[in-house]
file coords-v4.txt (compact mmCIF, C-alpha atoms and all ligand atoms)
# COMPACT_ATOMS: atom_id res chain seq x y z
CA MET A 1 100.37 23.15 89.63
CA ALA A 2 102.10 21.58 92.67
CA ASN A 3 105.89 21.31 92.41
CA LEU A 4 106.40 17.58 91.73
CA GLU A 5 109.77 17.66 93.53
CA ASP A 6 107.86 18.36 96.74
CA VAL A 7 105.48 15.41 96.34
CA PRO A 8 106.54 12.38 98.45
CA SER A 9 107.87 9.47 96.34
CA LEU A 10 105.27 7.05 97.67
CA ASP A 11 102.45 9.39 96.56
CA LEU A 12 104.03 9.80 93.13
CA MET A 13 104.46 6.04 92.67
CA THR A 14 100.90 5.35 93.84
CA GLU A 15 99.55 7.88 91.35
CA LEU A 16 101.72 6.44 88.56
CA LEU A 17 100.46 2.92 89.27
CA ARG A 18 96.88 4.18 89.37
CA ARG A 19 97.30 5.83 85.96
CA MET A 20 98.83 2.67 84.49
CA LYS A 21 95.90 0.59 85.78
CA CYS A 22 93.44 3.17 84.45
CA SER A 23 94.88 3.21 80.95
CA SER A 24 93.33 -0.22 80.23
CA LYS A 25 89.84 0.75 81.47
CA PRO A 26 87.07 1.59 79.01
CA ASP A 27 85.77 5.18 79.00
CA LYS A 28 82.43 5.60 80.80
CA ARG A 29 80.01 8.48 81.11
CA LEU A 30 77.47 7.76 83.80
CA ILE A 31 74.53 9.56 85.37
CA LEU A 32 73.31 8.66 88.87
CA ILE A 33 69.69 9.66 89.46
CA GLY A 34 67.72 9.15 92.65
CA PRO A 35 66.05 11.10 95.44
CA PRO A 36 68.10 12.57 98.30
CA GLY A 37 69.40 9.76 100.51
CA SER A 38 69.04 7.03 97.88
CA GLY A 39 72.77 6.20 98.06
CA LYS A 40 74.30 7.99 95.06
CA GLY A 41 77.12 9.56 97.08
CA THR A 42 77.83 6.25 98.83
CA GLN A 43 78.21 4.28 95.60
CA SER A 44 80.03 6.99 93.59
CA PRO A 45 83.54 6.59 95.11
CA ILE A 46 83.40 2.82 94.49
CA ILE A 47 82.46 3.27 90.81
CA LYS A 48 84.95 6.12 90.46
CA ASP A 49 87.86 3.96 91.69
CA GLU A 50 86.83 0.92 89.65
CA TYR A 51 86.58 2.81 86.33
CA CYS A 52 88.96 5.76 86.95
CA LEU A 53 86.25 8.35 86.46
CA CYS A 54 85.80 11.77 87.99
CA HIS A 55 82.89 12.22 90.42
CA LEU A 56 80.98 15.42 89.75
CA ALA A 57 78.35 16.10 92.40
CA THR A 58 76.63 19.42 91.77
CA GLY A 59 75.35 19.54 95.36
CA ASP A 60 78.93 19.28 96.71
CA MET A 61 80.17 21.93 94.28
CA LEU A 62 77.34 24.30 95.18
CA ARG A 63 77.89 23.78 98.93
CA ALA A 64 81.60 24.60 98.46
CA ALA A 65 80.62 27.79 96.58
CA VAL A 66 78.17 28.75 99.35
CA ALA A 67 80.84 28.16 102.03
CA ALA A 68 83.37 30.27 100.09
CA LYS A 69 80.70 32.96 99.50
CA THR A 70 81.54 33.13 95.77
CA PRO A 71 79.06 34.98 93.48
CA LEU A 72 77.73 31.53 92.44
CA GLY A 73 77.31 30.51 96.07
CA VAL A 74 75.50 33.73 96.95
CA LYS A 75 73.03 33.12 94.07
CA ALA A 76 72.48 29.45 94.98
CA LYS A 77 72.13 29.68 98.77
CA GLU A 78 68.50 30.71 99.13
CA ALA A 79 67.10 27.93 96.92
CA MET A 80 69.37 25.32 98.55
CA ASP A 81 68.32 26.28 102.08
CA LYS A 82 64.67 25.82 101.07
CA GLY A 83 65.29 22.49 99.32
CA GLU A 84 64.43 23.96 95.92
CA LEU A 85 66.49 23.58 92.76
CA VAL A 86 68.88 26.35 91.73
CA SER A 87 68.59 27.71 88.19
CA ASP A 88 69.49 25.48 85.25
CA ASP A 89 71.99 28.02 83.90
CA LEU A 90 74.04 28.02 87.13
CA VAL A 91 74.45 24.25 87.31
CA VAL A 92 74.97 23.73 83.58
CA GLY A 93 77.81 26.28 83.77
CA ILE A 94 79.56 24.49 86.64
CA ILE A 95 79.23 21.07 85.01
CA ASP A 96 80.51 22.35 81.66
CA GLU A 97 83.60 23.73 83.41
CA ALA A 98 84.14 20.70 85.68
CA MET A 99 84.04 18.16 82.83
CA LYS A 100 87.18 19.76 81.37
CA LYS A 101 89.29 18.59 84.36
CA PRO A 102 92.09 16.11 83.52
CA SER A 103 90.59 13.66 86.06
CA CYS A 104 87.52 13.37 83.77
CA GLN A 105 89.63 12.10 80.88
CA LYS A 106 88.30 8.51 81.17
CA GLY A 107 84.74 9.76 81.71
CA PHE A 108 82.59 10.91 84.61
CA ILE A 109 79.96 10.11 87.18
CA LEU A 110 77.33 12.81 87.33
CA ASP A 111 75.72 12.72 90.77
CA GLY A 112 72.74 15.02 91.21
CA PHE A 113 72.87 16.32 87.64
CA PRO A 114 70.85 16.56 85.40
CA ARG A 115 67.86 17.24 87.65
CA THR A 116 65.55 18.79 85.04
CA VAL A 117 64.80 17.88 81.43
CA VAL A 118 66.33 21.21 80.35
CA GLN A 119 69.59 20.24 82.12
CA ALA A 120 69.51 16.83 80.37
CA GLN A 121 69.05 18.47 76.97
CA LYS A 122 71.89 20.94 77.66
CA LEU A 123 74.14 18.06 78.75
CA ASP A 124 73.39 16.16 75.54
CA GLU A 125 74.29 19.29 73.54
CA MET A 126 77.56 19.75 75.47
CA LEU A 127 78.57 16.15 74.89
CA GLU A 128 77.53 16.17 71.25
CA LYS A 129 79.98 19.03 70.64
CA GLN A 130 82.76 16.73 71.94
CA GLY A 131 81.50 13.77 69.88
CA ALA A 132 80.57 11.97 73.12
CA LYS A 133 77.38 10.69 74.77
CA VAL A 134 76.12 9.33 78.09
CA ASP A 135 76.62 5.54 78.35
CA LYS A 136 74.27 4.64 81.19
CA VAL A 137 71.83 6.17 83.65
CA LEU A 138 71.66 4.39 87.02
CA ASN A 139 68.26 4.91 88.59
CA PHE A 140 68.44 4.59 92.40
CA ALA A 141 64.81 3.51 92.81
CA ILE A 142 63.59 3.65 96.40
CA ASN A 143 60.44 4.29 98.38
CA ASP A 144 60.18 7.80 99.91
CA ALA A 145 59.30 6.31 103.31
CA ILE A 146 62.87 5.03 103.80
CA LEU A 147 64.54 8.36 103.12
CA GLU A 148 63.84 10.40 106.25
CA GLU A 149 65.82 8.04 108.46
CA ARG A 150 68.68 7.95 105.94
CA ILE A 151 68.81 11.75 105.61
CA THR A 152 68.49 12.69 109.28
CA GLY A 153 71.16 10.13 110.28
CA ARG A 154 73.67 11.24 107.62
CA TRP A 155 77.05 12.69 108.68
CA ILE A 156 79.58 14.05 106.20
CA HIS A 157 83.29 14.75 106.03
CA PRO A 158 83.06 17.95 103.95
CA SER A 159 86.51 18.08 102.35
CA SER A 160 86.49 14.46 101.05
CA GLY A 161 82.72 13.97 100.65
CA ARG A 162 82.91 10.77 102.74
CA THR A 163 79.49 9.88 104.06
CA TYR A 164 78.52 8.11 107.28
CA HIS A 165 75.24 7.16 108.92
CA THR A 166 74.58 6.89 112.66
CA LYS A 167 72.90 3.51 112.19
CA TYR A 168 73.91 2.09 108.79
CA ALA A 169 77.52 3.27 108.39
CA PRO A 170 78.75 4.66 111.74
CA PRO A 171 82.24 6.17 112.00
CA LYS A 172 84.65 4.42 114.41
CA VAL A 173 84.42 7.43 116.77
CA PRO A 174 81.09 9.31 116.71
CA GLY A 175 81.37 12.67 114.91
CA ILE A 176 84.94 11.99 113.65
CA ASP A 177 86.14 11.04 110.14
CA ASP A 178 87.80 7.58 110.15
CA VAL A 179 90.59 8.60 107.76
CA THR A 180 91.65 12.11 108.80
CA GLY A 181 90.36 12.35 112.37
CA GLU A 182 88.64 15.62 111.39
CA PRO A 183 85.12 16.49 112.61
CA LEU A 184 82.04 15.37 110.66
CA ILE A 185 79.13 17.72 109.98
CA GLN A 186 75.41 17.38 109.33
CA ARG A 187 74.05 19.23 106.30
CA LYS A 188 71.78 22.18 107.05
CA ASP A 189 69.17 20.85 104.59
CA ASP A 190 69.23 17.28 106.00
CA THR A 191 66.12 17.80 108.11
CA ALA A 192 62.73 16.11 107.83
CA ALA A 193 61.10 19.47 106.93
CA VAL A 194 63.51 20.40 104.09
CA LEU A 195 63.50 16.79 102.84
CA LYS A 196 59.77 17.21 102.06
CA SER A 197 60.44 19.99 99.57
CA ARG A 198 63.53 18.21 98.14
CA LEU A 199 61.36 15.15 97.49
CA GLU A 200 58.66 17.31 95.95
CA SER A 201 61.29 18.77 93.56
CA PHE A 202 62.53 15.27 92.80
CA HIS A 203 59.11 13.92 91.83
CA ARG A 204 58.02 17.00 89.88
CA GLN A 205 61.25 18.02 88.13
CA THR A 206 63.68 15.08 88.18
CA GLU A 207 61.49 12.03 87.56
CA PRO A 208 60.77 13.32 84.03
CA VAL A 209 64.55 13.09 83.43
CA ILE A 210 64.30 9.32 84.06
CA ASP A 211 61.55 9.13 81.39
CA TYR A 212 63.72 11.24 79.05
CA TYR A 213 66.57 8.69 79.24
CA SER A 214 64.24 5.64 79.40
CA LYS A 215 62.94 6.56 75.95
CA LYS A 216 66.55 6.37 74.75
CA GLY A 217 66.93 2.90 76.35
CA MET A 218 69.71 4.04 78.69
CA VAL A 219 68.25 3.50 82.16
CA ALA A 220 69.16 0.65 84.53
CA ASP A 221 66.95 0.39 87.62
CA LEU A 222 68.64 -0.43 90.95
CA HIS A 223 67.00 -1.66 94.16
CA ALA A 224 68.39 1.20 96.23
CA GLU A 225 66.56 0.13 99.42
CA LYS A 226 68.88 -2.89 99.74
CA PRO A 227 72.02 -2.80 101.95
CA PRO A 228 74.99 -0.87 100.44
CA LYS A 229 76.99 -3.97 99.44
CA GLU A 230 74.01 -5.43 97.54
CA VAL A 231 73.51 -2.14 95.72
CA THR A 232 77.23 -2.15 94.80
CA ALA A 233 76.83 -5.68 93.39
CA GLU A 234 73.87 -4.56 91.27
CA VAL A 235 75.87 -1.57 89.98
CA GLN A 236 78.75 -3.86 89.04
CA THR A 237 76.43 -6.20 87.14
CA VAL A 238 74.92 -3.30 85.21
CA LEU A 239 78.28 -1.73 84.36
CA SER A 240 79.98 -4.91 83.27
CA SER A 241 77.17 -5.89 80.85
P1 LIG B 1 72.59 10.56 98.23
O1 LIG B 1 73.98 10.88 97.76
O2 LIG B 1 71.79 9.82 97.19
O3 LIG B 1 71.86 11.77 98.77
P2 LIG B 1 73.98 9.10 100.35
O4 LIG B 1 74.85 8.17 99.59
O5 LIG B 1 74.63 10.28 100.97
O6 LIG B 1 72.72 9.55 99.44
O7 LIG B 1 73.22 8.23 101.47
C1 LIG B 1 72.37 8.87 102.42
C2 LIG B 1 72.61 8.25 103.79
O8 LIG B 1 72.19 6.88 103.79
C3 LIG B 1 74.09 8.24 104.21
O9 LIG B 1 74.16 8.52 105.57
C4 LIG B 1 74.56 6.82 103.88
O10 LIG B 1 75.57 6.39 104.78
C5 LIG B 1 73.29 5.99 104.04
N1 LIG B 1 73.16 4.94 103.02
C6 LIG B 1 73.57 4.97 101.73
N2 LIG B 1 73.25 3.83 101.10
C7 LIG B 1 72.60 3.06 102.00
C8 LIG B 1 72.00 1.75 101.95
N3 LIG B 1 72.01 1.04 100.82
N4 LIG B 1 71.41 1.29 103.08
C9 LIG B 1 71.39 2.03 104.23
N5 LIG B 1 71.94 3.26 104.33
C10 LIG B 1 72.54 3.76 103.25
P1 LIG B 2 72.34 17.37 96.74
O1 LIG B 2 73.67 17.47 97.44
O2 LIG B 2 72.42 16.62 95.45
O3 LIG B 2 71.26 16.84 97.66
O4 LIG B 2 71.93 18.87 96.35
C1 LIG B 2 71.76 19.85 97.37
C2 LIG B 2 71.02 21.05 96.77
O5 LIG B 2 71.83 21.66 95.74
C3 LIG B 2 69.68 20.74 96.08
O6 LIG B 2 68.60 20.67 97.00
C4 LIG B 2 69.56 21.94 95.12
O7 LIG B 2 69.15 23.11 95.80
C5 LIG B 2 71.01 22.15 94.67
N1 LIG B 2 71.33 21.36 93.45
C6 LIG B 2 72.22 20.35 93.36
N2 LIG B 2 72.29 19.88 92.10
C7 LIG B 2 71.39 20.61 91.39
C8 LIG B 2 70.97 20.59 90.02
N3 LIG B 2 71.49 19.72 89.14
N4 LIG B 2 70.03 21.49 89.64
C9 LIG B 2 69.52 22.38 90.50
N5 LIG B 2 69.85 22.43 91.80
C10 LIG B 2 70.78 21.57 92.25

call {"tool": "encode", "arguments": {"input": "coords-v4.txt", "output": "structure tokens"}}
result
Amino acid sequence: MANLEDVPSLDLMTELLRRMKCSSKPDKRLILIGPPGSGKGTQSPIIKDEYCLCHLATGDMLRAAVAAKTPLGVKAKEAMDKGELVSDDLVVGIIDEAMKKPSCQKGFILDGFPRTVVQAQKLDEMLEKQGAKVDKVLNFAINDAILEERITGRWIHPSSGRTYHTKYAPPKVPGIDDVTGEPLIQRKDDTAAVLKSRLESFHRQTEPVIDYYSKKGMVADLHAEKPPKEVTAEVQTVLSS
């Protein structure tokens, strides 16, 4: 743990105020489902801040493991490069571990997980053991035809997960993160060719997860093709009802 004496007072006070504000928020356990480029990563930080949740994006965690060449990363890399899903056991393990973080105390946003029915069943089992359950599944419904432009124009600030788009959300200076001034990157799998296989995985393996939760009456459909602010407004309506 960081030595608190070394943390600047302003940071400490800001964190204290955030925790006080969060204490009055209801717990929420949310799943964001949608194809690559549907806007899950764009909406997640907004929901996270509003409800004091942790944002668990399995894609981000796997990319970090690949970059650090951990045993998990080594196992995951080949499937990720091809736009295929990595094994259920690998991702269930990382989610199980990540949900124990103190920042998940008020609940979580799962972004990119579960992506198969087996993962959904394992998640239900994990939560059942803690006497908890998923509250809502937000379905980022969108036509495939829109996604190539979104994916090939996406730029990312890897350490924060901030996302930009050359046309729809450009940074102030091209290729540079607005907040830190650090360089932005494009994901290796954000190409038109790899998108094809990612979409094929989505339709074949992940759409059944939407049916799985629909049968439980938990799914709210969003119009994810709309501009970001309109999608945010839809999310807020769903979450406040
Ligand atoms: P996902 O996390 O679902 O893969 P992202 O949130 O990273 O998708 O969005 C993909 C790209 O599309 C990003 O470059 C983002 O800036 C842009 N984007 C996100 N939401 C919208 C939207 N509603 N309209 C236009 N572009 C968007
Ligand atoms: P994403 O950042 O969500 O687009 O995920 C990038 C890649 O990570 C995917 O194409 C998969 O190879 C892998 N991945 C992420 N989440 C999962 C998951 N829940 N199950 C299996 N593979 C995953």

call {"tool": "atom_distance", "arguments": {"input": "coords-v4.txt", "atom1": "atom CA of A:Glu225", "atom2": "atom CA of A:Arg115"}}
result
20.8 Å

call {"tool": "residues_near_ligand", "arguments": {"input": "coords-v4.txt", "ligand": "ligand LIG 1 (chain B)", "cutoff": "6 Å", "atoms": "only C-alpha atoms and all ligand atoms", "output": "MDAnalysis selection string"}}
result
chainID A and resid 36:42 150:151 153:155 163:165 168:169 224:228

call {"tool": "residues_near_ligand", "arguments": {"input": "coords-v4.txt", "ligand": "ligand LIG 2 (chain B)", "cutoff": "6 Å", "atoms": "only C-alpha atoms and all ligand atoms", "output": "PyMOL selection string"}}
result
chain A and resi 36+58-60+79-80+83-88+91+112-115+198

call {"tool": "write_last_selection", "arguments": {"input": "coords-v4.txt", "atoms": "C-alpha atoms", "output": "tab-separated table (two decimals), in the frame of the given file"}}
result
chain	number	residue	atom	x	y	z
A	36	PRO	CA	68.10	12.57	98.30
A	58	THR	CA	76.63	19.42	91.77
A	59	GLY	CA	75.35	19.54	95.36
A	60	ASP	CA	78.93	19.28	96.71
A	79	ALA	CA	67.10	27.93	96.92
A	80	MET	CA	69.37	25.32	98.55
A	83	GLY	CA	65.29	22.49	99.32
A	84	GLU	CA	64.43	23.96	95.92
A	85	LEU	CA	66.49	23.58	92.76
A	86	VAL	CA	68.88	26.35	91.73
A	87	SER	CA	68.59	27.71	88.19
A	88	ASP	CA	69.49	25.48	85.25
A	91	VAL	CA	74.45	24.25	87.31
A	112	GLY	CA	72.74	15.02	91.21
A	113	PHE	CA	72.87	16.32	87.64
A	114	PRO	CA	70.85	16.56	85.40
A	115	ARG	CA	67.86	17.24	87.65
A	198	ARG	CA	63.53	18.21	98.14

call {"tool": "closest_residue", "arguments": {"input": "coords-v4.txt", "among": "A:Ala192, A:Val74, A:Leu62, A:Val117", "to": "A:Gly93", "atoms": "all atoms listed in the file"}}
result
A:Leu62

call {"tool": "closest_residue", "arguments": {"input": "coords-v4.txt", "among": "A:Arg187, A:Lys101, A:Lys216, A:Lys196", "to": "A:Glu148", "atoms": "all atoms listed in the file"}}
result
A:Lys196

call {"tool": "build_atoms", "arguments": {"input": "coords-v4.txt", "residues": "stretch 208-233 of chain A", "atoms": "N, CA, C and O atoms", "output": "PDB file, in the coordinates of the input"}}
result
ATOM      1  N   PRO A 208      60.862  13.256  85.500  1.00  0.00           N
ATOM      2  CA  PRO A 208      60.770  13.320  84.030  1.00  0.00           C
ATOM      3  C   PRO A 208      62.115  13.088  83.322  1.00  0.00           C
ATOM      4  O   PRO A 208      62.142  12.685  82.159  1.00  0.00           O
ATOM      5  N   VAL A 209      63.232  13.338  84.037  1.00  0.00           N
ATOM      6  CA  VAL A 209      64.550  13.090  83.430  1.00  0.00           C
ATOM      7  C   VAL A 209      64.748  11.569  83.246  1.00  0.00           C
ATOM      8  O   VAL A 209      65.353  11.120  82.269  1.00  0.00           O
ATOM      9  N   ILE A 210      64.195  10.791  84.191  1.00  0.00           N
ATOM     10  CA  ILE A 210      64.300   9.320  84.060  1.00  0.00           C
ATOM     11  C   ILE A 210      63.524   8.882  82.810  1.00  0.00           C
ATOM     12  O   ILE A 210      64.019   8.067  82.021  1.00  0.00           O
ATOM     13  N   ASP A 211      62.338   9.456  82.605  1.00  0.00           N
ATOM     14  CA  ASP A 211      61.550   9.130  81.390  1.00  0.00           C
ATOM     15  C   ASP A 211      62.328   9.531  80.130  1.00  0.00           C
ATOM     16  O   ASP A 211      62.349   8.800  79.145  1.00  0.00           O
ATOM     17  N   TYR A 212      62.953  10.711  80.197  1.00  0.00           N
ATOM     18  CA  TYR A 212      63.720  11.240  79.050  1.00  0.00           C
ATOM     19  C   TYR A 212      64.780  10.212  78.608  1.00  0.00           C
ATOM     20  O   TYR A 212      64.911   9.908  77.424  1.00  0.00           O
ATOM     21  N   TYR A 213      65.519   9.656  79.596  1.00  0.00           N
ATOM     22  CA  TYR A 213      66.570   8.690  79.240  1.00  0.00           C
ATOM     23  C   TYR A 213      66.001   7.289  79.009  1.00  0.00           C
ATOM     24  O   TYR A 213      66.586   6.516  78.253  1.00  0.00           O
ATOM     25  N   SER A 214      64.863   6.967  79.636  1.00  0.00           N
ATOM     26  CA  SER A 214      64.240   5.640  79.400  1.00  0.00           C
ATOM     27  C   SER A 214      63.870   5.504  77.932  1.00  0.00           C
ATOM     28  O   SER A 214      64.067   4.458  77.331  1.00  0.00           O
ATOM     29  N   LYS A 215      63.339   6.596  77.376  1.00  0.00           N
ATOM     30  CA  LYS A 215      62.940   6.560  75.950  1.00  0.00           C
ATOM     31  C   LYS A 215      64.138   6.293  75.053  1.00  0.00           C
ATOM     32  O   LYS A 215      64.001   5.805  73.944  1.00  0.00           O
ATOM     33  N   LYS A 216      65.332   6.622  75.537  1.00  0.00           N
ATOM     34  CA  LYS A 216      66.550   6.370  74.750  1.00  0.00           C
ATOM     35  C   LYS A 216      67.142   5.003  75.090  1.00  0.00           C
ATOM     36  O   LYS A 216      68.235   4.661  74.632  1.00  0.00           O
ATOM     37  N   GLY A 217      66.473   4.258  75.993  1.00  0.00           N
ATOM     38  CA  GLY A 217      66.930   2.900  76.350  1.00  0.00           C
ATOM     39  C   GLY A 217      68.205   2.887  77.179  1.00  0.00           C
ATOM     40  O   GLY A 217      68.984   1.940  77.119  1.00  0.00           O
ATOM     41  N   MET A 218      68.419   3.935  77.978  1.00  0.00           N
ATOM     42  CA  MET A 218      69.710   4.040  78.690  1.00  0.00           C
ATOM     43  C   MET A 218      69.619   3.771  80.186  1.00  0.00           C
ATOM     44  O   MET A 218      70.639   3.808  80.874  1.00  0.00           O
ATOM     45  N   VAL A 219      68.411   3.539  80.708  1.00  0.00           N
ATOM     46  CA  VAL A 219      68.250   3.500  82.160  1.00  0.00           C
ATOM     47  C   VAL A 219      68.340   2.076  82.721  1.00  0.00           C
ATOM     48  O   VAL A 219      67.719   1.156  82.193  1.00  0.00           O
ATOM     49  N   ALA A 220      69.128   1.921  83.785  1.00  0.00           N
ATOM     50  CA  ALA A 220      69.160   0.650  84.530  1.00  0.00           C
ATOM     51  C   ALA A 220      68.599   0.929  85.920  1.00  0.00           C
ATOM     52  O   ALA A 220      69.078   1.837  86.616  1.00  0.00           O
ATOM     53  N   ASP A 221      67.565   0.182  86.307  1.00  0.00           N
ATOM     54  CA  ASP A 221      66.950   0.390  87.620  1.00  0.00           C
ATOM     55  C   ASP A 221      67.672  -0.415  88.689  1.00  0.00           C
ATOM     56  O   ASP A 221      67.929  -1.607  88.510  1.00  0.00           O
ATOM     57  N   LEU A 222      67.988   0.252  89.815  1.00  0.00           N
ATOM     58  CA  LEU A 222      68.640  -0.430  90.950  1.00  0.00           C
ATOM     59  C   LEU A 222      67.641  -0.528  92.093  1.00  0.00           C
ATOM     60  O   LEU A 222      66.761   0.328  92.230  1.00  0.00           O
ATOM     61  N   HIS A 223      67.821  -1.543  92.946  1.00  0.00           N
ATOM     62  CA  HIS A 223      67.000  -1.660  94.160  1.00  0.00           C
ATOM     63  C   HIS A 223      67.747  -0.941  95.278  1.00  0.00           C
ATOM     64  O   HIS A 223      68.460  -1.562  96.063  1.00  0.00           O
ATOM     65  N   ALA A 224      67.557   0.378  95.343  1.00  0.00           N
ATOM     66  CA  ALA A 224      68.390   1.200  96.230  1.00  0.00           C
ATOM     67  C   ALA A 224      68.013   1.059  97.704  1.00  0.00           C
ATOM     68  O   ALA A 224      68.708   1.591  98.567  1.00  0.00           O
ATOM     69  N   GLU A 225      66.932   0.332  97.999  1.00  0.00           N
ATOM     70  CA  GLU A 225      66.560   0.130  99.420  1.00  0.00           C
ATOM     71  C   GLU A 225      67.375  -1.004 100.038  1.00  0.00           C
ATOM     72  O   GLU A 225      67.389  -1.155 101.254  1.00  0.00           O
ATOM     73  N   LYS A 226      68.080  -1.766  99.207  1.00  0.00           N
ATOM     74  CA  LYS A 226      68.880  -2.890  99.740  1.00  0.00           C
ATOM     75  C   LYS A 226      70.115  -2.367 100.486  1.00  0.00           C
ATOM     76  O   LYS A 226      70.500  -1.205 100.310  1.00  0.00           O
ATOM     77  N   PRO A 227      70.790  -3.247 101.264  1.00  0.00           N
ATOM     78  CA  PRO A 227      72.020  -2.800 101.950  1.00  0.00           C
ATOM     79  C   PRO A 227      73.102  -2.359 100.954  1.00  0.00           C
ATOM     80  O   PRO A 227      73.107  -2.839  99.810  1.00  0.00           O
ATOM     81  N   PRO A 228      74.011  -1.459 101.368  1.00  0.00           N
ATOM     82  CA  PRO A 228      74.990  -0.870 100.440  1.00  0.00           C
ATOM     83  C   PRO A 228      75.741  -1.889  99.584  1.00  0.00           C
ATOM     84  O   PRO A 228      75.915  -1.683  98.382  1.00  0.00           O
ATOM     85  N   LYS A 229      76.184  -3.001 100.207  1.00  0.00           N
ATOM     86  CA  LYS A 229      76.990  -3.970  99.440  1.00  0.00           C
ATOM     87  C   LYS A 229      76.169  -4.606  98.321  1.00  0.00           C
ATOM     88  O   LYS A 229      76.682  -4.898  97.243  1.00  0.00           O
ATOM     89  N   GLU A 230      74.875  -4.825  98.585  1.00  0.00           N
ATOM     90  CA  GLU A 230      74.010  -5.430  97.540  1.00  0.00           C
ATOM     91  C   GLU A 230      73.771  -4.436  96.408  1.00  0.00           C
ATOM     92  O   GLU A 230      73.688  -4.827  95.243  1.00  0.00           O
ATOM     93  N   VAL A 231      73.676  -3.151  96.767  1.00  0.00           N
ATOM     94  CA  VAL A 231      73.510  -2.140  95.720  1.00  0.00           C
ATOM     95  C   VAL A 231      74.799  -2.093  94.867  1.00  0.00           C
ATOM     96  O   VAL A 231      74.745  -2.044  93.637  1.00  0.00           O
ATOM     97  N   THR A 232      75.953  -2.153  95.534  1.00  0.00           N
ATOM     98  CA  THR A 232      77.230  -2.150  94.800  1.00  0.00           C
ATOM     99  C   THR A 232      77.281  -3.327  93.819  1.00  0.00           C
ATOM    100  O   THR A 232      77.698  -3.174  92.664  1.00  0.00           O
ATOM    101  N   ALA A 233      76.809  -4.493  94.264  1.00  0.00           N
ATOM    102  CA  ALA A 233      76.830  -5.680  93.390  1.00  0.00           C
ATOM    103  C   ALA A 233      75.925  -5.456  92.175  1.00  0.00           C
ATOM    104  O   ALA A 233      76.287  -5.805  91.038  1.00  0.00           O
TER     105      ALA A 233
END
